[in-house]
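**Q** The structure that follows is given in the form of structure tokens.
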Amino acid sequence: MKKALKNPGVQAFVASVICIILGLLIGYIVLLFINPEGAAESIINVIKNFFTWSRANKKLQQFGNTLSKTMPLLMCSLSILFAYKVGLFNIGAAGQYVAGSCACLYAALAWGWGWLPCMIFAIVAGAVLGAVVGMLKSYCNVNEVISGIMLNWISLYLTNTLLTKVKEVASPYTMYIKDVNPSALLPNAGLDKLFNGNKYITIAVPLALFIAIAVSIILNRTKLGYELKATGSNKNAAKYAGMAEKRNIVLTLVIAGGLAGLGAAMLYLTGYMRWECTQSSVPGMGFNGIAAAFLGGLNPIGAIFASFFIQHITDGGQYVNTNFYSSQISDLISSVIIYLCGFVLFIKLTMTGMINRSEEKKLQKIKAASSEGGDR
Amino acid sequence: MLLLIQYTLIFSSVLTLVALGGCISEHSGVINLGLEGIMVMGALGGALMMRYLGTSSALVMVLLVVLAAIVFGMLYSCLLGVASINFKADQTLVGTAMNLLATAAATVFVKAINTAANPDDHSSEIEYVRARKMFITNINGFEFNWFMLIAVLAVIFVAVMLYKTKFGLRLMACGEHPQAADSVGINVYKMRWSGVLLSGAFGGLGGICYILAGVSIWKFENGVAGFGFLALAVMIFGQWQPIRIALAALLFGLFRALSNTYVGFPTLASLNLPGNVYNMMPYIVSLIVLAFTSKTSRAPKAEGIPYDKGSR
Amino acid sequence: MEPYAIEMLHITKRFPGIVANDDITLQLKKGEIHALLGENGAGKSTLMSVLFGLYQPEEGIIKKDGAEVKINDPNDANALGIGMVHQHFKLVECFTVLDNIIMGVEPCKMGFLQKKEAREKVLALSEKYGLKVDPDAKIEDITVGMQQRTEILKMLYRDNEILIFDEPTAVLTPQEISELMQIMKSLAAEGKSILFISHKLNEIMEVADRCSVLRKGKYIGTVNTKDTTIEELSAMMVGRNVNFHVEKKPATPGDVVLSIENMTVASKVHKNNAVKNVSLKVRAGEIVCIAGIDGNGQSEFVYGLSGLEPLVSGKITLCGKDMTASSIRQKSILGISHIPEDRHKHGLVLDYSLEDNLVLQTYFEPQFTSKWGFLLRKNIREYAEKLIDQYDVRSGQGPATTARSMSGGNQQKAIIAREIDKAPELLIAVQPTRGLDVGAIEYIHKQLVAQRDAGKAVLLVSLELDEVMDVPDRILVMYEGEIVGELDPKKTTQEELGLYMAGAKRDEVTV
């Protein structure tokens, strides 16, 4: 048991579970304050999400919905954790996601491109935005968080302007891809049948999982990962070792931006959602990605489960009793979880400290027993 | 034209107040990326006060609303203080979480009270038409807002505090070289806490000022549209010095004001640009400004580095 | 018996797995200059931390003027009149001298600073003790010597009676050192008690009345400097008779390996160039040392040579090839190895394992990276094990140990193994022995000489006079970014070297 707790992977898992439990607890307390009557039921519904449905078919269908929205979230969280490993806080993932949405929807609706070129275009759009942040960082010393935020807003307004050209006349939403250009919809490849014919389950699901594994391999097994992590851990040593540390920063953000852009394509090209051209705030996907990245212990495989969990409770928000509560309670819970992730280092240190102390005590006992009466 | 000046001044006041908050916090050694969230909370505090205060004289109203915003901002900034000073958490992560949390919490809370008052009301809006009038004096068509005066006073207050008092000297020492401060008996944790709480107060003030700037009803789902981050850009452009921050805020305020008033300028209106272009302007300007000013930054040397008494 | 100003009696301080101070007694008389001698890691700084209340000892007591006192934090120490000039100054760079002096004990009315009276007191003190400073200058603009005087004034302003100097001469020029010695003597004559922490035996012999020696956490003894010799002190410090002289055969220089012509490098700190028009040559089979006081452009010179900083002008040739425009990576591949000045800043990725650090300069070679860009972990492990064995790098978990958790000496050994095993034509070693104990220093000096004997060119940059005199075959002295003299270590003396280093003497050096 103690030996297992010393393992950094196990520690990360335990720390994440603590964050989740505390986050849900705080959410519950908030609900209690608003109205004690339905609080317990509502928080349980948030946790249950699609399990609240009694019919198995419906359950499967809703599970599919959550799953299809998990994939873009996973991409955003990979974007953030990839950059974080290189010492960069890519809060601009939200804007890169927006840029990706703009690119794939515009290409699909205005130019009638097929799904693959649309998807690639989304990746490029996200990557370009990432490159801007990277270049500002490495050549002008601009803090990537601040430039990222500025670009989030710029890309939001730009996207609203551009996508207005492909919106429905009567509503602020973009047109349906399935009506205008069905070839831009991601293929289902038969996966929809596994989820009671949920047509939003597409190749995006296996693709996203594959990319998560690929990111893990790149970070841990390749020369590129070795260089990027060295740059993130000690910029000066990377330069001393002849690595192009400025290029590495730009490259990292290009990759991170591309991941976030791809995430957008994985959502909008399923047709599950449409862009609202009058929206006044940046979609939360990129920000929730931060939660998923940290909750997953900054590990790409951990991010898969963390992303699913975050999306799960976000979707669960719609099952609260709306007579008393609002669905934003999920946002509240996930932001509390992000906040608590700031304490993960402390939790881990405490765990290690506790183990070391108890081991030392044991050691001293053994020593005392063996040197009975003897003076050291 | 008058309208442009009026909006420039009020938005500059917001940016000045919030940037001063950021400046104090960073001088103590803590990067406050949660200003955006603190603004939301300050706005919430002020708006609730306006909603529940009922009838009272203008002076009492202004004082109480300001007080509520300050208190809410300070309370909320404790989240940053606890995490970054006592638990040495990643300040970027915590600040980001605070921004998200503030909007979510304010929305949940306002919706809850709206729904409690009227079961059919699921909006996240608070209205304060009458209260807002008390902050405003109309001088020949120019809406003078008391916050403009408050911002000017705040600049003087912060400048004097930083450069003329014992507190300021000690505060800045903690942001520049906490080990040096500690070695002469200054409690670094205490000073950093003071810095964070003061930045909470100024951030909260900025928040209430922001929602009173142009409208009489606020939808809390919208947050404060990146103003907290614009204020950080103002702070960097102002090189962490109160007077320069005020000047930088005027520039940024002007661009922000243009997006509200461009329709009134025939030359601008005739360009027929989409409104979004003007919305983007402050952010684009701040990116460009940052690109040129960040290279030679005079940021406090120890900012963002958690202070650990043990390691010296 | 006269009471001591401060006494630390039978202090024992343990940390997990180590006894940092084992029954140490230190007694400081009123008005004396008392040296505390010991190697790095001997327990000097732990003892001082106990005196300042940063650590609480498990055993032992502290007495002031004969009465037992309890010191819980630095404020208690301040209240008892104990002040310290730290090795790394505790000064706020963007504040003025005056602000730094008054910080913590600011004279004020209603919270507003009253600087006028403070200024008068500071000026009076600086007059009295000959501590020349400009109270309104900013710390970042003044010389290191003046910064140190600011630190001393900080203690005097607080009316401290017990003054501790932690390795105060490391950063000073010989002139400044002798000035400091004078100041210390005049302070002692005024009745202040001074504790002088050092490992420089000459200085201790010159200025101290008595000297206490620590070794590996244990108290060895206290001697009167009048009655002892440098040899005796060094034997007490190290525990055996040390042969400070480096064994080596006469050099047999071969072809020119490195040739630098008119190199100029800009400064990051001030507007002037840090390196001005420097030309030099290093041949195969010789060790050339660049000597000088810290901050005279040596670091920038190495940065310019290795490519970490761009050149303003100049030409670098390695083995006849022009490398002026080459990248760091190209220089490394073509035969320059670089043991950097700051092993934590440049030399290591502290969060990486030892094995990953050992391939920091070579990870991209086909031996370690496959055609598809995957790291060949097995080869890296084998190579790391080979180096660890060959260079005796000790660590907790072998190749998988995190670099951060290794001792300074073993971190340095790892860097040296990595750089030497690359089989370079030119080995640049910048302060390779900084902060290491005598054993490690000997080891590193042997490695440098071995490289020379293998026909490599070695360029050593050093601040330690002993090292400068013993290791190289040729000394070039750098002063304010220029080479001001070339000396033969066999013919010159430390005094002559000192004159060059201080800029008091200079030759036209032609290469």
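Chain identifiers are assigned as A, B, and so on, following the order in which chains appear in the structure tokens; residues are numbered from 1 within each chain, and ligands are numbered from 1 in order of appearance.
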At a cut-off of 8 Å, can you tabulate as CSV every residue of chain B near chain A together with its closest atom pair and the distance in Å to one decimal, using only C-alpha atoms and ordering rows by chain then number?

**A**
```
residue,atom,partner,partner_atom,distance
B:Ala83,CA,A:Gly342,CA,7.1
B:Phe87,CA,A:Phe346,CA,6.6
B:Lys88,CA,A:Phe346,CA,7.9
B:Ala89,CA,A:Gly342,CA,5.0
B:Asp90,CA,A:Gly342,CA,5.9
B:Thr92,CA,A:Phe89,CA,7.6
B:Leu93,CA,A:Gly342,CA,6.4
B:Val94,CA,A:Tyr339,CA,5.4
B:Ala97,CA,A:Tyr339,CA,5.0
B:Met98,CA,A:Tyr339,CA,6.9
B:Leu100,CA,A:Ser335,CA,5.7
B:Leu101,CA,A:Ser335,CA,5.0
B:Ala104,CA,A:Leu332,CA,5.0
B:Ala105,CA,A:Leu332,CA,5.8
B:Thr107,CA,A:Gln328,CA,7.1
B:Val108,CA,A:Ser326,CA,5.9
B:Phe109,CA,A:Ile34,CA,7.9
B:Lys111,CA,A:Ser326,CA,6.7
B:Ala112,CA,A:Tyr325,CA,6.1
B:Thr115,CA,A:Phe324,CA,6.6
B:Ala116,CA,A:Phe324,CA,7.4
B:Pro119,CA,A:Asn323,CA,7.0
B:His122,CA,A:Ser326,CA,7.7
B:Asn222,CA,A:Ser281,CA,6.5
B:Ala225,CA,A:Ser281,CA,7.1
B:Gly226,CA,A:Ile149,CA,7.3
B:Phe229,CA,A:Ile146,CA,6.5
B:Leu230,CA,A:Met150,CA,7.9
B:Leu232,CA,A:Ile146,CA,7.7
B:Ala233,CA,A:Ile146,CA,7.4
B:Pro274,CA,A:Thr161,CA,7.3
B:Asn276,CA,A:Tyr157,CA,5.4
B:Val277,CA,A:Tyr157,CA,7.4
B:Asn279,CA,A:Tyr157,CA,7.1
B:Met280,CA,A:Ile154,CA,5.3
B:Tyr283,CA,A:Met150,CA,5.2
B:Ile284,CA,A:Ile154,CA,7.1
B:Ser286,CA,A:Met150,CA,7.7
B:Leu287,CA,A:Ser147,CA,6.3
B:Leu290,CA,A:Val142,CA,6.3
B:Ala291,CA,A:Cys140,CA,5.3
B:Phe292,CA,A:Cys140,CA,7.0
B:Ser294,CA,A:Val142,CA,5.5
B:Lys295,CA,A:Asn141,CA,5.4
```

**Q** Using only C-alpha atoms, I'd like every residue of chain A that has an atom within 10 Å of chain C; please write them out as a PDB file with N, CA and C atoms, in the first residue's frame.

**A**
```pdb
ATOM      1  N   ILE A 217       3.520   9.217 -26.713  1.00  0.00           N
ATOM      2  CA  ILE A 217       4.751   8.636 -27.264  1.00  0.00           C
ATOM      3  C   ILE A 217       5.732   9.736 -27.660  1.00  0.00           C
ATOM      4  N   ILE A 218       5.213  10.780 -28.307  1.00  0.00           N
ATOM      5  CA  ILE A 218       6.106  11.871 -28.728  1.00  0.00           C
ATOM      6  C   ILE A 218       6.812  12.470 -27.518  1.00  0.00           C
ATOM      7  N   ASN A 220       7.421  11.159 -24.569  1.00  0.00           N
ATOM      8  CA  ASN A 220       8.275  10.302 -23.749  1.00  0.00           C
ATOM      9  C   ASN A 220       9.308   9.490 -24.513  1.00  0.00           C
ATOM     10  N   ARG A 221       9.085   9.270 -25.785  1.00  0.00           N
ATOM     11  CA  ARG A 221       9.954   8.320 -26.471  1.00  0.00           C
ATOM     12  C   ARG A 221      10.757   8.918 -27.615  1.00  0.00           C
ATOM     13  N   THR A 222      10.512  10.144 -27.980  1.00  0.00           N
ATOM     14  CA  THR A 222      11.188  10.632 -29.184  1.00  0.00           C
ATOM     15  C   THR A 222      12.191  11.741 -28.869  1.00  0.00           C
ATOM     16  N   LYS A 223      13.019  11.957 -29.860  1.00  0.00           N
ATOM     17  CA  LYS A 223      14.002  13.033 -29.797  1.00  0.00           C
ATOM     18  C   LYS A 223      13.293  14.372 -29.642  1.00  0.00           C
ATOM     19  N   LEU A 224      12.202  14.535 -30.386  1.00  0.00           N
ATOM     20  CA  LEU A 224      11.452  15.794 -30.304  1.00  0.00           C
ATOM     21  C   LEU A 224      10.975  16.049 -28.871  1.00  0.00           C
ATOM     22  N   GLY A 225      10.401  15.001 -28.258  1.00  0.00           N
ATOM     23  CA  GLY A 225       9.915  15.155 -26.894  1.00  0.00           C
ATOM     24  C   GLY A 225      11.045  15.475 -25.927  1.00  0.00           C
ATOM     25  N   TYR A 226      12.165  14.797 -26.142  1.00  0.00           N
ATOM     26  CA  TYR A 226      13.343  15.037 -25.293  1.00  0.00           C
ATOM     27  C   TYR A 226      13.742  16.504 -25.378  1.00  0.00           C
ATOM     28  N   GLU A 227      13.789  17.024 -26.605  1.00  0.00           N
ATOM     29  CA  GLU A 227      14.197  18.418 -26.798  1.00  0.00           C
ATOM     30  C   GLU A 227      13.189  19.385 -26.201  1.00  0.00           C
ATOM     31  N   LYS A 229      10.883  18.921 -23.889  1.00  0.00           N
ATOM     32  CA  LYS A 229      10.804  18.913 -22.420  1.00  0.00           C
ATOM     33  C   LYS A 229      12.044  19.558 -21.804  1.00  0.00           C
ATOM     34  N   ALA A 230      13.199  19.359 -22.450  1.00  0.00           N
ATOM     35  CA  ALA A 230      14.411  20.007 -21.941  1.00  0.00           C
ATOM     36  C   ALA A 230      14.244  21.525 -22.023  1.00  0.00           C
ATOM     37  N   THR A 231      13.690  21.991 -23.135  1.00  0.00           N
ATOM     38  CA  THR A 231      13.462  23.433 -23.292  1.00  0.00           C
ATOM     39  C   THR A 231      12.533  23.953 -22.208  1.00  0.00           C
ATOM     40  N   GLY A 232      11.482  23.170 -21.927  1.00  0.00           N
ATOM     41  CA  GLY A 232      10.524  23.612 -20.931  1.00  0.00           C
ATOM     42  C   GLY A 232      11.107  23.602 -19.524  1.00  0.00           C
ATOM     43  N   SER A 233      11.956  22.620 -19.258  1.00  0.00           N
ATOM     44  CA  SER A 233      12.481  22.467 -17.913  1.00  0.00           C
ATOM     45  C   SER A 233      13.631  23.435 -17.648  1.00  0.00           C
ATOM     46  N   ASN A 234      14.475  23.653 -18.625  1.00  0.00           N
ATOM     47  CA  ASN A 234      15.600  24.575 -18.445  1.00  0.00           C
ATOM     48  C   ASN A 234      16.005  25.139 -19.808  1.00  0.00           C
ATOM     49  N   LYS A 235      15.452  26.307 -20.095  1.00  0.00           N
ATOM     50  CA  LYS A 235      15.662  26.965 -21.379  1.00  0.00           C
ATOM     51  C   LYS A 235      17.149  27.198 -21.646  1.00  0.00           C
ATOM     52  N   ASN A 236      17.862  27.600 -20.584  1.00  0.00           N
ATOM     53  CA  ASN A 236      19.279  27.910 -20.765  1.00  0.00           C
ATOM     54  C   ASN A 236      20.088  26.673 -21.105  1.00  0.00           C
ATOM     55  N   ALA A 237      19.771  25.562 -20.409  1.00  0.00           N
ATOM     56  CA  ALA A 237      20.506  24.333 -20.689  1.00  0.00           C
ATOM     57  C   ALA A 237      20.193  23.859 -22.101  1.00  0.00           C
ATOM     58  N   ALA A 238      18.957  24.038 -22.555  1.00  0.00           N
ATOM     59  CA  ALA A 238      18.588  23.625 -23.901  1.00  0.00           C
ATOM     60  C   ALA A 238      19.403  24.405 -24.929  1.00  0.00           C
ATOM     61  N   LYS A 239      19.548  25.687 -24.678  1.00  0.00           N
ATOM     62  CA  LYS A 239      20.323  26.512 -25.595  1.00  0.00           C
ATOM     63  C   LYS A 239      21.787  26.075 -25.557  1.00  0.00           C
ATOM     64  N   TYR A 240      22.283  25.847 -24.363  1.00  0.00           N
ATOM     65  CA  TYR A 240      23.670  25.405 -24.195  1.00  0.00           C
ATOM     66  C   TYR A 240      23.912  24.104 -24.948  1.00  0.00           C
ATOM     67  N   ALA A 241      22.913  23.218 -24.964  1.00  0.00           N
ATOM     68  CA  ALA A 241      23.063  21.934 -25.638  1.00  0.00           C
ATOM     69  C   ALA A 241      22.807  22.051 -27.142  1.00  0.00           C
ATOM     70  N   GLY A 242      22.692  23.269 -27.616  1.00  0.00           N
ATOM     71  CA  GLY A 242      22.570  23.458 -29.051  1.00  0.00           C
ATOM     72  C   GLY A 242      21.168  23.256 -29.596  1.00  0.00           C
ATOM     73  N   MET A 243      20.173  23.188 -28.709  1.00  0.00           N
ATOM     74  CA  MET A 243      18.801  23.079 -29.208  1.00  0.00           C
ATOM     75  C   MET A 243      18.325  24.486 -29.586  1.00  0.00           C
ATOM     76  N   ALA A 244      17.489  24.543 -30.616  1.00  0.00           N
ATOM     77  CA  ALA A 244      16.988  25.848 -31.042  1.00  0.00           C
ATOM     78  C   ALA A 244      15.814  26.183 -30.136  1.00  0.00           C
ATOM     79  N   GLU A 360      10.621   6.492   8.451  1.00  0.00           N
ATOM     80  CA  GLU A 360      11.736   6.855   9.313  1.00  0.00           C
ATOM     81  C   GLU A 360      11.512   6.335  10.723  1.00  0.00           C
TER      82      GLU A 360
END
```

**Q** Chain C residues within 12 Å of chain B, counting only C-alpha atoms: which ones, as a PyMOL selection string?

**A** chain C and resi 45-46+49+52-55+73-79+82-96+98-115+151+154-155+158+268-269

**Q** From range 21-89 of chain B, collect each residue whose DSSP state is alpha helix (DSSP H) and return the set as number ranges by chain.

**A** B: 21-28, 35-53, 58-80

**Q** Could you take the residues named above and write them with N, CA and C atoms, as a compact mmCIF listing (two decimals), in the first residue's frame?

**A**
```
# COMPACT_ATOMS: atom_id res chain seq x y z
N GLY B 21 -4.46 47.57 -9.23
CA GLY B 21 -4.55 46.36 -8.42
C GLY B 21 -3.49 45.35 -8.81
N GLY B 22 -3.38 45.11 -10.13
CA GLY B 22 -2.37 44.18 -10.62
C GLY B 22 -0.98 44.64 -10.24
N CYS B 23 -0.77 45.94 -10.33
CA CYS B 23 0.55 46.52 -10.05
C CYS B 23 0.94 46.30 -8.59
N ILE B 24 0.00 46.51 -7.68
CA ILE B 24 0.31 46.33 -6.26
C ILE B 24 0.64 44.86 -5.99
N SER B 25 -0.20 43.98 -6.54
CA SER B 25 0.02 42.56 -6.31
C SER B 25 1.38 42.13 -6.86
N GLU B 26 1.72 42.58 -8.06
CA GLU B 26 2.99 42.16 -8.65
C GLU B 26 4.16 42.77 -7.91
N HIS B 27 4.00 43.99 -7.40
CA HIS B 27 5.10 44.57 -6.62
C HIS B 27 5.34 43.76 -5.35
N SER B 28 4.32 43.07 -4.87
CA SER B 28 4.54 42.25 -3.68
C SER B 28 5.06 40.87 -4.08
N LEU B 35 -7.53 38.70 -11.93
CA LEU B 35 -8.18 40.02 -11.85
C LEU B 35 -9.55 40.03 -12.52
N GLU B 36 -9.62 39.30 -13.63
CA GLU B 36 -10.88 39.21 -14.36
C GLU B 36 -11.99 38.69 -13.43
N GLY B 37 -11.66 37.63 -12.71
CA GLY B 37 -12.64 37.04 -11.80
C GLY B 37 -12.93 37.96 -10.63
N ILE B 38 -11.89 38.63 -10.14
CA ILE B 38 -12.09 39.56 -9.03
C ILE B 38 -13.03 40.68 -9.46
N MET B 39 -12.87 41.14 -10.72
CA MET B 39 -13.77 42.18 -11.24
C MET B 39 -15.22 41.70 -11.21
N VAL B 40 -15.40 40.46 -11.67
CA VAL B 40 -16.77 39.93 -11.69
C VAL B 40 -17.35 39.93 -10.28
N MET B 41 -16.55 39.51 -9.33
CA MET B 41 -17.04 39.44 -7.96
C MET B 41 -17.31 40.83 -7.39
N GLY B 42 -16.42 41.78 -7.70
CA GLY B 42 -16.65 43.15 -7.26
C GLY B 42 -17.94 43.69 -7.85
N ALA B 43 -18.13 43.39 -9.14
CA ALA B 43 -19.35 43.84 -9.81
C ALA B 43 -20.57 43.21 -9.16
N LEU B 44 -20.45 41.94 -8.81
CA LEU B 44 -21.57 41.24 -8.18
C LEU B 44 -21.89 41.89 -6.83
N GLY B 45 -20.84 42.15 -6.06
CA GLY B 45 -21.05 42.76 -4.75
C GLY B 45 -21.76 44.09 -4.87
N GLY B 46 -21.26 44.93 -5.78
CA GLY B 46 -21.86 46.25 -5.97
C GLY B 46 -23.29 46.15 -6.47
N ALA B 47 -23.51 45.25 -7.43
CA ALA B 47 -24.84 45.13 -8.03
C ALA B 47 -25.85 44.65 -6.99
N LEU B 48 -25.44 43.70 -6.14
CA LEU B 48 -26.35 43.22 -5.10
C LEU B 48 -26.70 44.35 -4.15
N MET B 49 -25.69 45.15 -3.81
CA MET B 49 -25.94 46.27 -2.92
C MET B 49 -26.96 47.21 -3.54
N MET B 50 -26.80 47.49 -4.83
CA MET B 50 -27.73 48.39 -5.51
C MET B 50 -29.13 47.81 -5.54
N ARG B 51 -29.17 46.49 -5.72
CA ARG B 51 -30.49 45.86 -5.83
C ARG B 51 -31.23 45.89 -4.50
N TYR B 52 -30.50 45.68 -3.40
CA TYR B 52 -31.19 45.51 -2.12
C TYR B 52 -31.21 46.76 -1.24
N LEU B 53 -30.47 47.80 -1.66
CA LEU B 53 -30.32 48.94 -0.77
C LEU B 53 -31.61 49.72 -0.61
N ALA B 58 -27.79 59.79 -2.40
CA ALA B 58 -26.77 59.44 -3.39
C ALA B 58 -25.44 59.12 -2.72
N LEU B 59 -25.07 59.93 -1.72
CA LEU B 59 -23.78 59.74 -1.09
C LEU B 59 -23.69 58.38 -0.42
N VAL B 60 -24.74 58.06 0.37
CA VAL B 60 -24.77 56.77 1.06
C VAL B 60 -24.70 55.64 0.05
N MET B 61 -25.49 55.78 -1.00
CA MET B 61 -25.52 54.75 -2.04
C MET B 61 -24.13 54.53 -2.63
N VAL B 62 -23.50 55.63 -3.05
CA VAL B 62 -22.18 55.51 -3.67
C VAL B 62 -21.20 54.85 -2.70
N LEU B 63 -21.19 55.31 -1.47
CA LEU B 63 -20.25 54.76 -0.51
C LEU B 63 -20.47 53.27 -0.27
N LEU B 64 -21.75 52.91 -0.08
CA LEU B 64 -22.04 51.51 0.23
C LEU B 64 -21.74 50.59 -0.94
N VAL B 65 -22.06 51.06 -2.14
CA VAL B 65 -21.81 50.22 -3.31
C VAL B 65 -20.30 50.03 -3.49
N VAL B 66 -19.58 51.12 -3.35
CA VAL B 66 -18.12 51.03 -3.46
C VAL B 66 -17.57 50.07 -2.40
N LEU B 67 -18.08 50.22 -1.21
CA LEU B 67 -17.62 49.36 -0.11
C LEU B 67 -17.90 47.89 -0.41
N ALA B 68 -19.13 47.62 -0.89
CA ALA B 68 -19.49 46.24 -1.18
C ALA B 68 -18.58 45.65 -2.24
N ALA B 69 -18.29 46.45 -3.28
CA ALA B 69 -17.42 45.95 -4.36
C ALA B 69 -16.03 45.64 -3.81
N ILE B 70 -15.53 46.55 -2.95
CA ILE B 70 -14.19 46.34 -2.38
C ILE B 70 -14.17 45.07 -1.53
N VAL B 71 -15.18 44.92 -0.69
CA VAL B 71 -15.21 43.76 0.21
C VAL B 71 -15.29 42.46 -0.60
N PHE B 72 -16.18 42.45 -1.60
CA PHE B 72 -16.28 41.23 -2.42
C PHE B 72 -14.97 40.93 -3.13
N GLY B 73 -14.35 41.96 -3.69
CA GLY B 73 -13.08 41.76 -4.38
C GLY B 73 -12.01 41.22 -3.44
N MET B 74 -11.96 41.78 -2.24
CA MET B 74 -10.93 41.34 -1.29
C MET B 74 -11.17 39.90 -0.85
N LEU B 75 -12.44 39.60 -0.55
CA LEU B 75 -12.74 38.24 -0.13
C LEU B 75 -12.35 37.24 -1.21
N TYR B 76 -12.70 37.60 -2.46
CA TYR B 76 -12.41 36.67 -3.54
C TYR B 76 -10.91 36.52 -3.76
N SER B 77 -10.16 37.62 -3.56
CA SER B 77 -8.71 37.54 -3.78
C SER B 77 -8.04 36.62 -2.76
N CYS B 78 -8.75 36.32 -1.68
CA CYS B 78 -8.18 35.38 -0.70
C CYS B 78 -7.90 34.02 -1.34
N LEU B 79 -8.71 33.66 -2.33
CA LEU B 79 -8.47 32.39 -3.01
C LEU B 79 -7.07 32.38 -3.60
N LEU B 80 -6.67 33.51 -4.18
CA LEU B 80 -5.33 33.62 -4.76
C LEU B 80 -4.28 33.60 -3.66
```

**Q** Give me, please, the distance in Å between CA of Asn260 in chain B and CA of Phe144 in chain B, quoted to one decimal.

**A**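 Interatomic distance here is 16.9 Å.
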
**Q** I need the residues in range 52-163 of chain B that are strand (DSSP E or B) according to DSSP; give them as a list of chain:residue names.

**A**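 Matching residues, listed in order: B:Glu125, B:Ile126, B:Glu127, B:Ile136, B:Thr137, B:Asn138, B:Ile139, B:Phe142, B:Glu143, B:Phe144, B:Asn145.
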
**Q** Neighbours of Met235 in chain B within 8 Å (only C-alpha atoms; same-chain residues fewer than 5 positions away dropped), as a PyMOL selection string?

**A** chain B and resi 19-20+22-23+240-241+245+248

**Q** Take CA of Leu251 in chain A and CA of Leu129 in chain A and report the distance between them in Å, one decimal.

**A** 11.9 Å

**Q** Hey, can you check how far CA of Gln6 in chain B sits from CA of Ala102 in chain B?

**A**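 The value is 28.8 Å.
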
**Q** Need the shell around Asn299 in chain A: protein/DNA/RNA residues with any atom at most 12 Å away, counting only C-alpha atoms. Skip same-chain ones fewer than 3 positions apart. Format as a ChimeraX atom specification?

**A** /A:8-9,12-13,16,74,77-82,84-85,212-217,219-220,292-296,302-307

**Q** Could you save the residues just selected, with C-alpha atoms, as a compact mmCIF listing (two decimals), in the first residue's frame?

**A**
```txt
# COMPACT_ATOMS: atom_id res chain seq x y z
CA PRO A 8 4.12 9.17 -8.86
CA GLY A 9 1.35 7.83 -11.10
CA ALA A 12 -1.36 11.79 -9.26
CA PHE A 13 -4.43 9.59 -9.38
CA SER A 16 -7.06 13.94 -8.76
CA LEU A 74 -9.62 15.84 -25.06
CA SER A 77 -6.59 19.27 -22.91
CA LEU A 78 -3.83 17.62 -24.97
CA SER A 79 -3.06 21.03 -26.41
CA ILE A 80 -2.69 22.48 -22.93
CA LEU A 81 -0.72 19.64 -21.42
CA PHE A 82 1.61 19.41 -24.39
CA TYR A 84 2.67 22.82 -20.26
CA LYS A 85 5.31 20.10 -20.54
CA ALA A 212 -3.67 11.03 -27.19
CA ILE A 213 -1.48 7.94 -27.38
CA ALA A 214 0.66 9.56 -30.06
CA VAL A 215 1.20 12.65 -27.89
CA SER A 216 2.23 10.40 -25.04
CA ILE A 217 4.75 8.64 -27.26
CA LEU A 219 6.65 13.33 -25.28
CA ASN A 220 8.28 10.30 -23.75
CA ALA A 292 -9.00 18.08 -17.93
CA ALA A 293 -5.26 18.47 -18.47
CA PHE A 294 -4.49 19.07 -14.82
CA LEU A 295 -7.03 16.61 -13.51
CA GLY A 296 -5.43 13.99 -15.74
CA GLY A 302 -4.92 10.45 -17.84
CA ALA A 303 -6.36 13.27 -19.94
CA ILE A 304 -8.63 10.80 -21.76
CA PHE A 305 -10.38 9.84 -18.53
CA ALA A 306 -10.28 13.35 -17.11
CA SER A 307 -11.80 14.81 -20.28
```

**Q** Pick out the closest residue to Pro72 in chain A from this set: A:Cys118, A:Cys104, A:Val17, A:Ala204. Count only C-alpha atoms.

**A** A:Ala204

**Q** Please determine, counting only C-alpha atoms, which residue among A:Ala184, A:Leu194, A:Ile255, A:Leu5 has the shortest atom-to-atom distance to Asn57 in chain A.

**A**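 Once distances to Asn57 in chain A are computed over only C-alpha atoms, the minimum belongs to A:Leu194.
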
**Q** My list of candidates is B:Leu9, B:Ile136, B:Leu258, B:Leu17. Which is closest to Ile208 in chain B when distances are computed with only C-alpha atoms?

**A** B:Leu17
